[in-house]
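Shown below: final-v2.cif, with mmCIF, N, CA and C atoms.
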```
data_coords
loop_
_atom_site.label_atom_id
_atom_site.label_comp_id
_atom_site.auth_asym_id
_atom_site.auth_seq_id
_atom_site.Cartn_x
_atom_site.Cartn_y
_atom_site.Cartn_z
N MET B 1 -32.20 -20.00 6.72
CA MET B 1 -30.76 -19.77 6.86
C MET B 1 -30.54 -18.80 8.02
N ASN B 2 -29.63 -19.15 8.93
CA ASN B 2 -29.38 -18.25 10.05
C ASN B 2 -28.39 -17.17 9.65
N LEU B 3 -28.31 -16.11 10.47
CA LEU B 3 -27.46 -14.97 10.16
C LEU B 3 -25.99 -15.35 10.08
N ASN B 4 -25.52 -16.23 10.95
CA ASN B 4 -24.11 -16.62 10.92
C ASN B 4 -23.75 -17.27 9.59
N THR B 5 -24.63 -18.10 9.07
CA THR B 5 -24.39 -18.73 7.78
C THR B 5 -24.39 -17.69 6.67
N LEU B 6 -25.37 -16.78 6.70
CA LEU B 6 -25.45 -15.72 5.70
C LEU B 6 -24.19 -14.86 5.74
N TYR B 7 -23.77 -14.47 6.94
CA TYR B 7 -22.59 -13.63 7.07
C TYR B 7 -21.34 -14.35 6.61
N SER B 8 -21.22 -15.63 6.94
CA SER B 8 -20.08 -16.41 6.49
C SER B 8 -20.05 -16.47 4.97
N GLU B 9 -21.20 -16.64 4.37
CA GLU B 9 -21.28 -16.69 2.90
C GLU B 9 -20.89 -15.35 2.28
N LEU B 10 -21.29 -14.24 2.90
CA LEU B 10 -20.91 -12.92 2.39
C LEU B 10 -19.40 -12.74 2.44
N ILE B 11 -18.78 -13.14 3.54
CA ILE B 11 -17.33 -13.03 3.67
C ILE B 11 -16.65 -13.90 2.63
N PHE B 12 -17.12 -15.13 2.48
CA PHE B 12 -16.56 -16.06 1.49
C PHE B 12 -16.70 -15.48 0.08
N GLU B 13 -17.86 -14.94 -0.24
CA GLU B 13 -18.11 -14.39 -1.58
C GLU B 13 -17.17 -13.22 -1.88
N HIS B 14 -17.02 -12.29 -0.95
CA HIS B 14 -16.14 -11.14 -1.17
C HIS B 14 -14.67 -11.56 -1.21
N ASP B 15 -14.31 -12.60 -0.46
CA ASP B 15 -12.94 -13.08 -0.47
C ASP B 15 -12.62 -13.76 -1.80
N LYS B 16 -13.49 -14.61 -2.26
CA LYS B 16 -13.24 -15.37 -3.49
C LYS B 16 -13.49 -14.56 -4.76
N HIS B 17 -14.41 -13.60 -4.69
CA HIS B 17 -14.77 -12.78 -5.85
C HIS B 17 -14.75 -11.31 -5.44
N PRO B 18 -13.54 -10.79 -5.19
CA PRO B 18 -13.44 -9.42 -4.67
C PRO B 18 -13.92 -8.38 -5.68
N LYS B 19 -14.57 -7.37 -5.14
CA LYS B 19 -15.07 -6.28 -5.97
C LYS B 19 -14.03 -5.16 -6.00
N HIS B 20 -13.80 -4.61 -7.18
CA HIS B 20 -12.92 -3.46 -7.39
C HIS B 20 -11.44 -3.77 -7.17
N ALA B 21 -11.07 -5.05 -7.16
CA ALA B 21 -9.67 -5.44 -6.96
C ALA B 21 -8.85 -5.13 -8.20
N GLY B 22 -7.57 -4.97 -7.98
CA GLY B 22 -6.65 -4.64 -9.07
C GLY B 22 -6.39 -3.14 -9.06
N LEU B 23 -5.13 -2.77 -9.10
CA LEU B 23 -4.76 -1.35 -9.04
C LEU B 23 -5.07 -0.66 -10.36
N ARG B 24 -5.75 0.48 -10.27
CA ARG B 24 -6.16 1.22 -11.47
C ARG B 24 -5.63 2.65 -11.42
N GLU B 25 -5.58 3.23 -12.59
CA GLU B 25 -5.26 4.64 -12.75
C GLU B 25 -6.45 5.29 -13.43
N PRO B 26 -6.64 6.58 -13.28
CA PRO B 26 -5.86 7.52 -12.46
C PRO B 26 -6.25 7.40 -10.99
N PHE B 27 -5.40 7.98 -10.15
CA PHE B 27 -5.68 7.99 -8.72
C PHE B 27 -5.10 9.25 -8.11
N ASP B 28 -5.66 9.66 -6.98
CA ASP B 28 -5.20 10.84 -6.26
C ASP B 28 -4.27 10.48 -5.11
N ALA B 29 -4.35 9.25 -4.65
CA ALA B 29 -3.51 8.80 -3.53
C ALA B 29 -3.30 7.31 -3.64
N ASP B 30 -2.13 6.88 -3.15
CA ASP B 30 -1.74 5.47 -3.17
C ASP B 30 -1.06 5.18 -1.84
N VAL B 31 -1.66 4.29 -1.03
CA VAL B 31 -1.09 3.98 0.28
C VAL B 31 -0.89 2.48 0.41
N HIS B 32 0.02 2.11 1.30
CA HIS B 32 0.31 0.71 1.56
C HIS B 32 0.27 0.50 3.07
N HIS B 33 -0.58 -0.39 3.54
CA HIS B 33 -0.68 -0.70 4.97
C HIS B 33 -0.40 -2.18 5.19
N VAL B 34 0.27 -2.46 6.31
CA VAL B 34 0.64 -3.82 6.69
C VAL B 34 0.25 -4.04 8.13
N ASN B 35 -0.30 -5.21 8.41
CA ASN B 35 -0.54 -5.62 9.79
C ASN B 35 0.62 -6.55 10.15
N PRO B 36 1.60 -6.05 10.90
CA PRO B 36 2.79 -6.87 11.18
C PRO B 36 2.50 -8.10 12.04
N VAL B 37 1.39 -8.09 12.75
CA VAL B 37 1.05 -9.23 13.62
C VAL B 37 0.73 -10.47 12.79
N CYS B 38 -0.02 -10.27 11.70
CA CYS B 38 -0.46 -11.45 10.93
C CYS B 38 0.03 -11.46 9.48
N GLY B 39 0.59 -10.34 9.01
CA GLY B 39 1.10 -10.30 7.65
C GLY B 39 0.11 -9.83 6.60
N ASP B 40 -1.10 -9.43 7.00
CA ASP B 40 -2.05 -8.87 6.03
C ASP B 40 -1.46 -7.59 5.43
N GLU B 41 -1.71 -7.39 4.13
CA GLU B 41 -1.23 -6.18 3.45
C GLU B 41 -2.28 -5.70 2.48
N VAL B 42 -2.34 -4.37 2.33
CA VAL B 42 -3.20 -3.79 1.31
C VAL B 42 -2.50 -2.58 0.71
N GLN B 43 -2.50 -2.52 -0.60
CA GLN B 43 -2.12 -1.31 -1.31
C GLN B 43 -3.43 -0.77 -1.87
N LEU B 44 -3.74 0.46 -1.53
CA LEU B 44 -5.04 1.03 -1.88
C LEU B 44 -4.84 2.34 -2.63
N ARG B 45 -5.58 2.49 -3.72
CA ARG B 45 -5.58 3.72 -4.49
C ARG B 45 -6.96 4.35 -4.41
N LEU B 46 -6.97 5.66 -4.28
CA LEU B 46 -8.21 6.42 -4.16
C LEU B 46 -8.27 7.49 -5.23
N LYS B 47 -9.41 7.59 -5.86
CA LYS B 47 -9.68 8.66 -6.84
C LYS B 47 -10.92 9.39 -6.36
N LEU B 48 -10.78 10.69 -6.17
CA LEU B 48 -11.90 11.53 -5.75
C LEU B 48 -12.47 12.26 -6.96
N SER B 49 -13.69 12.76 -6.79
CA SER B 49 -14.29 13.59 -7.83
C SER B 49 -13.47 14.87 -7.97
N GLU B 50 -13.68 15.61 -9.02
CA GLU B 50 -12.92 16.83 -9.29
C GLU B 50 -12.94 17.80 -8.11
N ASP B 51 -14.10 17.93 -7.47
CA ASP B 51 -14.21 18.85 -6.33
C ASP B 51 -13.84 18.20 -4.99
N GLY B 52 -13.47 16.92 -5.02
CA GLY B 52 -13.03 16.22 -3.82
C GLY B 52 -14.13 15.79 -2.87
N SER B 53 -15.38 15.92 -3.29
CA SER B 53 -16.49 15.65 -2.38
C SER B 53 -17.04 14.23 -2.45
N THR B 54 -16.61 13.47 -3.45
CA THR B 54 -17.18 12.14 -3.68
C THR B 54 -16.07 11.15 -4.01
N VAL B 55 -16.24 9.91 -3.54
CA VAL B 55 -15.32 8.84 -3.88
C VAL B 55 -15.66 8.36 -5.28
N GLU B 56 -14.74 8.59 -6.19
CA GLU B 56 -14.96 8.19 -7.57
C GLU B 56 -14.52 6.75 -7.81
N ASP B 57 -13.39 6.36 -7.20
CA ASP B 57 -12.90 4.99 -7.39
C ASP B 57 -11.99 4.60 -6.23
N ILE B 58 -12.02 3.34 -5.91
CA ILE B 58 -11.07 2.71 -4.99
C ILE B 58 -10.61 1.44 -5.69
N SER B 59 -9.32 1.30 -5.82
CA SER B 59 -8.76 0.05 -6.35
C SER B 59 -7.70 -0.41 -5.37
N TYR B 60 -7.39 -1.69 -5.40
CA TYR B 60 -6.49 -2.22 -4.38
C TYR B 60 -5.89 -3.55 -4.80
N ASP B 61 -4.83 -3.88 -4.08
CA ASP B 61 -4.24 -5.21 -4.14
C ASP B 61 -4.10 -5.64 -2.69
N ALA B 62 -4.68 -6.77 -2.32
CA ALA B 62 -4.69 -7.20 -0.93
C ALA B 62 -4.24 -8.65 -0.81
N VAL B 63 -3.44 -8.90 0.21
CA VAL B 63 -3.05 -10.27 0.57
C VAL B 63 -3.26 -10.43 2.06
N GLY B 64 -3.61 -11.63 2.46
CA GLY B 64 -3.82 -11.88 3.88
C GLY B 64 -4.98 -12.83 4.10
N CYS B 65 -5.55 -12.73 5.29
CA CYS B 65 -6.64 -13.63 5.66
C CYS B 65 -7.93 -13.28 4.91
N ALA B 66 -8.87 -14.20 4.94
CA ALA B 66 -10.14 -14.01 4.24
C ALA B 66 -10.89 -12.80 4.75
N MET B 67 -10.86 -12.57 6.06
CA MET B 67 -11.60 -11.43 6.62
C MET B 67 -11.00 -10.11 6.14
N SER B 68 -9.70 -10.04 6.07
CA SER B 68 -9.02 -8.84 5.61
C SER B 68 -9.34 -8.56 4.14
N ARG B 69 -9.26 -9.59 3.32
CA ARG B 69 -9.54 -9.42 1.89
C ARG B 69 -11.01 -9.11 1.65
N ALA B 70 -11.89 -9.76 2.39
CA ALA B 70 -13.33 -9.49 2.26
C ALA B 70 -13.64 -8.07 2.69
N SER B 71 -12.99 -7.61 3.74
CA SER B 71 -13.25 -6.27 4.26
C SER B 71 -12.94 -5.19 3.23
N VAL B 72 -11.80 -5.30 2.55
CA VAL B 72 -11.45 -4.29 1.56
C VAL B 72 -12.41 -4.32 0.38
N SER B 73 -12.86 -5.51 -0.01
CA SER B 73 -13.84 -5.63 -1.09
C SER B 73 -15.17 -4.98 -0.71
N MET B 74 -15.63 -5.29 0.50
CA MET B 74 -16.88 -4.72 0.99
C MET B 74 -16.79 -3.20 1.11
N MET B 75 -15.66 -2.73 1.65
CA MET B 75 -15.47 -1.30 1.84
C MET B 75 -15.46 -0.56 0.50
N ALA B 76 -14.71 -1.06 -0.45
CA ALA B 76 -14.63 -0.41 -1.76
C ALA B 76 -16.01 -0.35 -2.40
N ASP B 77 -16.72 -1.45 -2.36
CA ASP B 77 -18.05 -1.50 -2.96
C ASP B 77 -19.01 -0.53 -2.27
N LEU B 78 -18.85 -0.38 -0.97
CA LEU B 78 -19.71 0.50 -0.18
C LEU B 78 -19.40 1.97 -0.44
N PHE B 79 -18.13 2.34 -0.56
CA PHE B 79 -17.72 3.74 -0.63
C PHE B 79 -17.80 4.35 -2.02
N ILE B 80 -17.54 3.56 -3.07
CA ILE B 80 -17.48 4.12 -4.42
C ILE B 80 -18.82 4.76 -4.78
N GLY B 81 -18.73 6.02 -5.21
CA GLY B 81 -19.91 6.78 -5.60
C GLY B 81 -20.55 7.55 -4.47
N GLU B 82 -20.03 7.37 -3.26
CA GLU B 82 -20.63 8.04 -2.09
C GLU B 82 -19.93 9.36 -1.78
N PRO B 83 -20.69 10.32 -1.26
CA PRO B 83 -20.07 11.56 -0.80
C PRO B 83 -19.20 11.29 0.43
N ILE B 84 -18.13 12.04 0.55
CA ILE B 84 -17.20 11.86 1.66
C ILE B 84 -17.92 11.99 3.00
N SER B 85 -18.90 12.86 3.11
CA SER B 85 -19.63 13.01 4.37
C SER B 85 -20.31 11.71 4.77
N GLU B 86 -20.86 10.97 3.82
CA GLU B 86 -21.48 9.68 4.10
C GLU B 86 -20.43 8.64 4.45
N VAL B 87 -19.32 8.65 3.74
CA VAL B 87 -18.23 7.71 4.00
C VAL B 87 -17.71 7.90 5.42
N GLU B 88 -17.57 9.15 5.85
CA GLU B 88 -17.10 9.41 7.21
C GLU B 88 -18.08 8.83 8.25
N THR B 89 -19.37 8.92 7.97
CA THR B 89 -20.38 8.33 8.86
C THR B 89 -20.23 6.82 8.90
N MET B 90 -20.02 6.20 7.74
CA MET B 90 -19.85 4.75 7.67
C MET B 90 -18.62 4.31 8.46
N ILE B 91 -17.52 5.02 8.28
CA ILE B 91 -16.27 4.67 8.97
C ILE B 91 -16.45 4.80 10.48
N ALA B 92 -17.05 5.89 10.93
CA ALA B 92 -17.23 6.11 12.37
C ALA B 92 -18.08 5.01 12.98
N HIS B 93 -19.17 4.63 12.29
CA HIS B 93 -20.04 3.57 12.82
C HIS B 93 -19.31 2.24 12.86
N PHE B 94 -18.62 1.90 11.78
CA PHE B 94 -17.93 0.61 11.70
C PHE B 94 -16.82 0.54 12.74
N ASP B 95 -16.10 1.63 12.92
CA ASP B 95 -15.03 1.67 13.93
C ASP B 95 -15.61 1.47 15.33
N GLU B 96 -16.74 2.13 15.60
CA GLU B 96 -17.39 1.97 16.91
C GLU B 96 -17.81 0.52 17.13
N VAL B 97 -18.42 -0.08 16.12
CA VAL B 97 -18.87 -1.48 16.21
C VAL B 97 -17.68 -2.40 16.50
N LEU B 98 -16.61 -2.25 15.73
CA LEU B 98 -15.48 -3.17 15.87
C LEU B 98 -14.72 -2.99 17.17
N HIS B 99 -14.79 -1.82 17.76
CA HIS B 99 -14.10 -1.60 19.04
C HIS B 99 -15.01 -1.81 20.25
N SER B 100 -16.25 -2.24 20.01
CA SER B 100 -17.21 -2.41 21.11
C SER B 100 -17.15 -3.78 21.78
N ARG B 101 -16.34 -4.68 21.22
CA ARG B 101 -16.28 -6.07 21.72
C ARG B 101 -17.65 -6.75 21.69
N GLY B 102 -18.44 -6.40 20.70
CA GLY B 102 -19.74 -7.04 20.50
C GLY B 102 -20.91 -6.34 21.17
N LYS B 103 -20.66 -5.21 21.80
CA LYS B 103 -21.73 -4.50 22.51
C LYS B 103 -22.55 -3.58 21.62
N VAL B 104 -22.00 -3.19 20.46
CA VAL B 104 -22.71 -2.32 19.53
C VAL B 104 -22.97 -3.12 18.26
N GLU B 105 -24.23 -3.18 17.85
CA GLU B 105 -24.59 -3.91 16.63
C GLU B 105 -24.34 -3.07 15.39
N ALA B 106 -23.86 -3.72 14.35
CA ALA B 106 -23.66 -3.04 13.08
C ALA B 106 -25.01 -2.80 12.41
N ASP B 107 -25.15 -1.63 11.83
CA ASP B 107 -26.36 -1.26 11.12
C ASP B 107 -26.13 -1.49 9.62
N GLU B 108 -26.82 -2.47 9.08
CA GLU B 108 -26.66 -2.82 7.66
C GLU B 108 -27.00 -1.65 6.75
N GLU B 109 -27.89 -0.78 7.18
CA GLU B 109 -28.24 0.40 6.39
C GLU B 109 -27.04 1.33 6.24
N ILE B 110 -26.13 1.28 7.20
CA ILE B 110 -24.96 2.16 7.18
C ILE B 110 -23.77 1.47 6.54
N VAL B 111 -23.51 0.22 6.88
CA VAL B 111 -22.28 -0.45 6.43
C VAL B 111 -22.49 -1.57 5.41
N GLY B 112 -23.69 -1.76 4.93
CA GLY B 112 -23.93 -2.74 3.88
C GLY B 112 -23.43 -4.13 4.24
N ASP B 113 -22.77 -4.78 3.28
CA ASP B 113 -22.26 -6.15 3.48
C ASP B 113 -21.26 -6.25 4.62
N ALA B 114 -20.61 -5.14 4.97
CA ALA B 114 -19.61 -5.18 6.05
C ALA B 114 -20.23 -5.55 7.39
N VAL B 115 -21.54 -5.56 7.48
CA VAL B 115 -22.21 -6.04 8.69
C VAL B 115 -21.76 -7.47 9.00
N ALA B 116 -21.40 -8.21 7.98
CA ALA B 116 -20.96 -9.60 8.16
C ALA B 116 -19.65 -9.69 8.93
N LEU B 117 -18.90 -8.60 8.98
CA LEU B 117 -17.60 -8.60 9.65
C LEU B 117 -17.69 -8.18 11.11
N ALA B 118 -18.87 -7.77 11.55
CA ALA B 118 -19.04 -7.24 12.91
C ALA B 118 -18.68 -8.25 13.99
N GLY B 119 -18.80 -9.52 13.70
CA GLY B 119 -18.47 -10.56 14.67
C GLY B 119 -17.01 -10.52 15.10
N ALA B 120 -16.16 -9.91 14.29
CA ALA B 120 -14.74 -9.78 14.63
C ALA B 120 -14.55 -8.94 15.89
N ALA B 121 -15.53 -8.13 16.24
CA ALA B 121 -15.43 -7.28 17.42
C ALA B 121 -15.21 -8.10 18.69
N LYS B 122 -15.66 -9.34 18.69
CA LYS B 122 -15.51 -10.20 19.87
C LYS B 122 -14.13 -10.84 19.93
N PHE B 123 -13.32 -10.62 18.90
CA PHE B 123 -11.98 -11.21 18.82
C PHE B 123 -10.97 -10.10 18.52
N PRO B 124 -10.45 -9.46 19.55
CA PRO B 124 -9.57 -8.30 19.36
C PRO B 124 -8.44 -8.50 18.35
N ASN B 125 -7.91 -9.70 18.25
CA ASN B 125 -6.84 -9.94 17.28
C ASN B 125 -7.33 -9.83 15.84
N ARG B 126 -8.62 -9.99 15.62
CA ARG B 126 -9.18 -9.93 14.26
C ARG B 126 -9.60 -8.51 13.87
N VAL B 127 -9.76 -7.63 14.86
CA VAL B 127 -10.21 -6.27 14.58
C VAL B 127 -9.25 -5.56 13.62
N LYS B 128 -7.96 -5.71 13.85
CA LYS B 128 -6.98 -5.06 12.97
C LYS B 128 -7.06 -5.59 11.55
N CYS B 129 -7.32 -6.88 11.41
CA CYS B 129 -7.46 -7.48 10.08
C CYS B 129 -8.60 -6.82 9.31
N VAL B 130 -9.71 -6.63 10.01
CA VAL B 130 -10.91 -6.09 9.37
C VAL B 130 -10.77 -4.59 9.12
N LEU B 131 -10.18 -3.86 10.06
CA LEU B 131 -10.12 -2.40 9.94
C LEU B 131 -8.94 -1.88 9.11
N MET B 132 -7.98 -2.73 8.79
CA MET B 132 -6.79 -2.26 8.09
C MET B 132 -7.11 -1.48 6.81
N SER B 133 -7.98 -2.01 5.98
CA SER B 133 -8.29 -1.32 4.72
C SER B 133 -9.07 -0.03 4.97
N TRP B 134 -9.89 0.01 6.02
CA TRP B 134 -10.65 1.21 6.35
C TRP B 134 -9.69 2.31 6.80
N LYS B 135 -8.65 1.92 7.55
CA LYS B 135 -7.62 2.87 7.98
C LYS B 135 -6.79 3.30 6.77
N ALA B 136 -6.54 2.39 5.84
CA ALA B 136 -5.82 2.73 4.62
C ALA B 136 -6.61 3.76 3.81
N PHE B 137 -7.93 3.58 3.75
CA PHE B 137 -8.76 4.56 3.05
C PHE B 137 -8.59 5.94 3.69
N GLN B 138 -8.65 6.00 5.02
CA GLN B 138 -8.52 7.29 5.71
C GLN B 138 -7.16 7.94 5.41
N ALA B 139 -6.11 7.14 5.37
CA ALA B 139 -4.78 7.66 5.04
C ALA B 139 -4.74 8.15 3.60
N ALA B 140 -5.35 7.41 2.70
CA ALA B 140 -5.39 7.80 1.29
C ALA B 140 -6.18 9.09 1.11
N TYR B 141 -7.26 9.22 1.83
CA TYR B 141 -8.07 10.44 1.74
C TYR B 141 -7.26 11.64 2.24
N ALA B 142 -6.56 11.48 3.36
CA ALA B 142 -5.72 12.57 3.88
C ALA B 142 -4.63 12.92 2.89
N GLU B 143 -4.03 11.91 2.27
CA GLU B 143 -2.97 12.15 1.26
C GLU B 143 -3.55 12.88 0.06
N ALA B 144 -4.72 12.48 -0.39
CA ALA B 144 -5.35 13.12 -1.54
C ALA B 144 -5.64 14.59 -1.26
N LEU B 145 -6.11 14.89 -0.07
CA LEU B 145 -6.39 16.28 0.31
C LEU B 145 -5.10 17.09 0.35
N LEU B 146 -4.06 16.51 0.90
CA LEU B 146 -2.77 17.19 0.99
C LEU B 146 -2.23 17.48 -0.40
N PHE B 147 -2.32 16.50 -1.28
CA PHE B 147 -1.84 16.65 -2.65
C PHE B 147 -2.58 17.77 -3.38
N ARG B 148 -3.89 17.86 -3.16
CA ARG B 148 -4.71 18.90 -3.82
C ARG B 148 -4.37 20.30 -3.34
N LYS B 149 -3.91 20.41 -2.08
CA LYS B 149 -3.59 21.73 -1.53
C LYS B 149 -2.24 22.25 -2.01
N GLN B 150 -1.40 21.37 -2.53
CA GLN B 150 -0.06 21.78 -2.97
C GLN B 150 -0.08 22.42 -4.34
#
```

Do you think you could lay out the structure here as structure tokens?
Amino acid sequence: MNLNTLYSELIFEHDKHPKHAGLREPFDADVHHVNPVCGDEVQLRLKLSEDGSTVEDISYDAVGCAMSRASVSMMADLFIGEPISEVETMIAHFDEVLHSRGKVEADEEIVGDAVALAGAAKFPNRVKCVLMSWKAFQAAYAEALLFRKQ
């Protein structure tokens, strides 16, 4: 089996059988992001550990293209249970890969199944579809931190 087939199957699997889908409580932040170009939407909830250092839960409701829905599933599965410091490393690497136009290879050790989405880097119109949920996570994390400081 070649990598393109494997990656396509990973995207299909996460799209058809999303992990961590469905909005859950409790949560520390709730954000809604829309890609006005294509109509993709995600509502994402984030729950952090008591000390704020670890992602305890991510739940979401997503509509849009298969890549967008697969991306949020892969991201949630990758981040849950991870320390924020590791999540920040994952986000930085994935962002670099997707903005490289195919010049930077995704490291599966860092981004797990999301390596299957790296091909979107060669199609600038698809980058926003793939990164929308990752940007929503960053917004939710910022909101959660702000809420904790109040």

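The environment of Met132 of chain B within 7 Å, counting all atoms listed in the file and disregarding residues fewer than 4 places along the same chain, consists of His33, Ser68, Val127, Lys128, Ala136 and Phe137 of chain B.
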
Convert the current residue selection to file output with N, CA and C atoms, as a PDB file, keeping the file's coordinate frame.
```
ATOM      1  N   HIS B  33      -0.580  -0.390   3.540  1.00  0.00           N
ATOM      2  CA  HIS B  33      -0.680  -0.700   4.970  1.00  0.00           C
ATOM      3  C   HIS B  33      -0.400  -2.180   5.190  1.00  0.00           C
ATOM      4  N   SER B  68      -9.700 -10.040   6.070  1.00  0.00           N
ATOM      5  CA  SER B  68      -9.020  -8.840   5.610  1.00  0.00           C
ATOM      6  C   SER B  68      -9.340  -8.560   4.140  1.00  0.00           C
ATOM      7  N   VAL B 127      -9.760  -7.630  14.860  1.00  0.00           N
ATOM      8  CA  VAL B 127     -10.210  -6.270  14.580  1.00  0.00           C
ATOM      9  C   VAL B 127      -9.250  -5.560  13.620  1.00  0.00           C
ATOM     10  N   LYS B 128      -7.960  -5.710  13.850  1.00  0.00           N
ATOM     11  CA  LYS B 128      -6.980  -5.060  12.970  1.00  0.00           C
ATOM     12  C   LYS B 128      -7.060  -5.590  11.550  1.00  0.00           C
ATOM     13  N   ALA B 136      -6.540   2.390   5.840  1.00  0.00           N
ATOM     14  CA  ALA B 136      -5.820   2.730   4.620  1.00  0.00           C
ATOM     15  C   ALA B 136      -6.610   3.760   3.810  1.00  0.00           C
ATOM     16  N   PHE B 137      -7.930   3.580   3.750  1.00  0.00           N
ATOM     17  CA  PHE B 137      -8.760   4.560   3.050  1.00  0.00           C
ATOM     18  C   PHE B 137      -8.590   5.940   3.690  1.00  0.00           C
TER      19      PHE B 137
END
```

Using DSSP on the backbone coordinates, identify the residues of segment 20-144 of chain B assigned to strand (DSSP E or B); present them as a CSV table (one decimal) with N, CA and C atoms, keeping the file's coordinate frame.
```
chain,number,residue,atom,x,y,z
B,21,ALA,N,-11.1,-5.0,-7.2
B,21,ALA,CA,-9.7,-5.4,-7.0
B,21,ALA,C,-8.8,-5.1,-8.2
B,29,ALA,N,-4.4,9.2,-4.6
B,29,ALA,CA,-3.5,8.8,-3.5
B,29,ALA,C,-3.3,7.3,-3.6
B,30,ASP,N,-2.1,6.9,-3.2
B,30,ASP,CA,-1.7,5.5,-3.2
B,30,ASP,C,-1.1,5.2,-1.8
B,31,VAL,N,-1.7,4.3,-1.0
B,31,VAL,CA,-1.1,4.0,0.3
B,31,VAL,C,-0.9,2.5,0.4
B,32,HIS,N,0.0,2.1,1.3
B,32,HIS,CA,0.3,0.7,1.6
B,32,HIS,C,0.3,0.5,3.1
B,33,HIS,N,-0.6,-0.4,3.5
B,33,HIS,CA,-0.7,-0.7,5.0
B,33,HIS,C,-0.4,-2.2,5.2
B,34,VAL,N,0.3,-2.5,6.3
B,34,VAL,CA,0.6,-3.8,6.7
B,34,VAL,C,0.2,-4.0,8.1
B,41,GLU,N,-1.7,-7.4,4.1
B,41,GLU,CA,-1.2,-6.2,3.4
B,41,GLU,C,-2.3,-5.7,2.5
B,42,VAL,N,-2.3,-4.4,2.3
B,42,VAL,CA,-3.2,-3.8,1.3
B,42,VAL,C,-2.5,-2.6,0.7
B,43,GLN,N,-2.5,-2.5,-0.6
B,43,GLN,CA,-2.1,-1.3,-1.3
B,43,GLN,C,-3.4,-0.8,-1.9
B,44,LEU,N,-3.7,0.5,-1.5
B,44,LEU,CA,-5.0,1.0,-1.9
B,44,LEU,C,-4.8,2.3,-2.6
B,45,ARG,N,-5.6,2.5,-3.7
B,45,ARG,CA,-5.6,3.7,-4.5
B,45,ARG,C,-7.0,4.4,-4.4
B,46,LEU,N,-7.0,5.7,-4.3
B,46,LEU,CA,-8.2,6.4,-4.2
B,46,LEU,C,-8.3,7.5,-5.2
B,47,LYS,N,-9.4,7.6,-5.9
B,47,LYS,CA,-9.7,8.7,-6.8
B,47,LYS,C,-10.9,9.4,-6.4
B,48,LEU,N,-10.8,10.7,-6.2
B,48,LEU,CA,-11.9,11.5,-5.8
B,48,LEU,C,-12.5,12.3,-7.0
B,54,THR,N,-16.6,13.5,-3.4
B,54,THR,CA,-17.2,12.1,-3.7
B,54,THR,C,-16.1,11.2,-4.0
B,55,VAL,N,-16.2,9.9,-3.5
B,55,VAL,CA,-15.3,8.8,-3.9
B,55,VAL,C,-15.7,8.4,-5.3
B,56,GLU,N,-14.7,8.6,-6.2
B,56,GLU,CA,-15.0,8.2,-7.6
B,56,GLU,C,-14.5,6.8,-7.8
B,57,ASP,N,-13.4,6.4,-7.2
B,57,ASP,CA,-12.9,5.0,-7.4
B,57,ASP,C,-12.0,4.6,-6.2
B,58,ILE,N,-12.0,3.3,-5.9
B,58,ILE,CA,-11.1,2.7,-5.0
B,58,ILE,C,-10.6,1.4,-5.7
B,59,SER,N,-9.3,1.3,-5.8
B,59,SER,CA,-8.8,0.0,-6.4
B,59,SER,C,-7.7,-0.4,-5.4
B,60,TYR,N,-7.4,-1.7,-5.4
B,60,TYR,CA,-6.5,-2.2,-4.4
B,60,TYR,C,-5.9,-3.6,-4.8
B,61,ASP,N,-4.8,-3.9,-4.1
B,61,ASP,CA,-4.2,-5.2,-4.1
B,61,ASP,C,-4.1,-5.6,-2.7
B,62,ALA,N,-4.7,-6.8,-2.3
B,62,ALA,CA,-4.7,-7.2,-0.9
B,62,ALA,C,-4.2,-8.6,-0.8
B,63,VAL,N,-3.4,-8.9,0.2
B,63,VAL,CA,-3.0,-10.3,0.6
B,63,VAL,C,-3.3,-10.4,2.1
B,83,PRO,N,-20.7,10.3,-1.3
B,83,PRO,CA,-20.1,11.6,-0.8
B,83,PRO,C,-19.2,11.3,0.4
```

List every residue of segment 61-147 of chain B that DSSP, applied to the backbone of this structure, assigns to alpha helix (DSSP H), and report them as a ChimeraX atom specification. /B:66-79,84-98,108-111,124-147

When the PyMOL selection byres ((chain B and resi 74-90) around 8) is applied to the structure above, which residues does it catch, written out as a ChimeraX atom specification? /B:14-15,18-21,52-59,68-73,91-96,110-114,133-134

Atom CA of Val34 of chain B and atom CA of Ala62 of chain B, how far apart in Å?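 Computing it gives 9.9 Å between the two atoms.
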
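Nearest residue to Ala120 of chain B, choosing from B:Leu23, B:Val31, B:Ala140, B:Val97 and counting all atoms listed in the file: B:Val97.
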
Please compute the atom CA of Arg45 of chain B-atom CA of Asp30 of chain B distance, one decimal, in Å. 4.4 Å

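When atom CA of Glu9 of chain B is paired with atom CA of Cys129 of chain B, their separation reads 18.1 Å.
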
Apply the PyMOL selection byres (((chain B and resi 125 and name CA) around 12) and name CA) to the structure shown and report the selected residues as a PyMOL selection string. chain B and resi 35-38+67-68+98-99+101+119-124+126-132

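If only C-alpha atoms are the atoms counted, then among B:Tyr141, B:Val63, B:Ala118, B:Lys16 the closest residue to Glu105 of chain B is B:Ala118.
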
Starting from the PyMOL selection byres ((chain B and resi 144-148) around 8), expand the selection into actual residues of this file and give them as a VMD selection string. chain B and resid 27 to 30 46 48 52 138 to 143 149 to 150
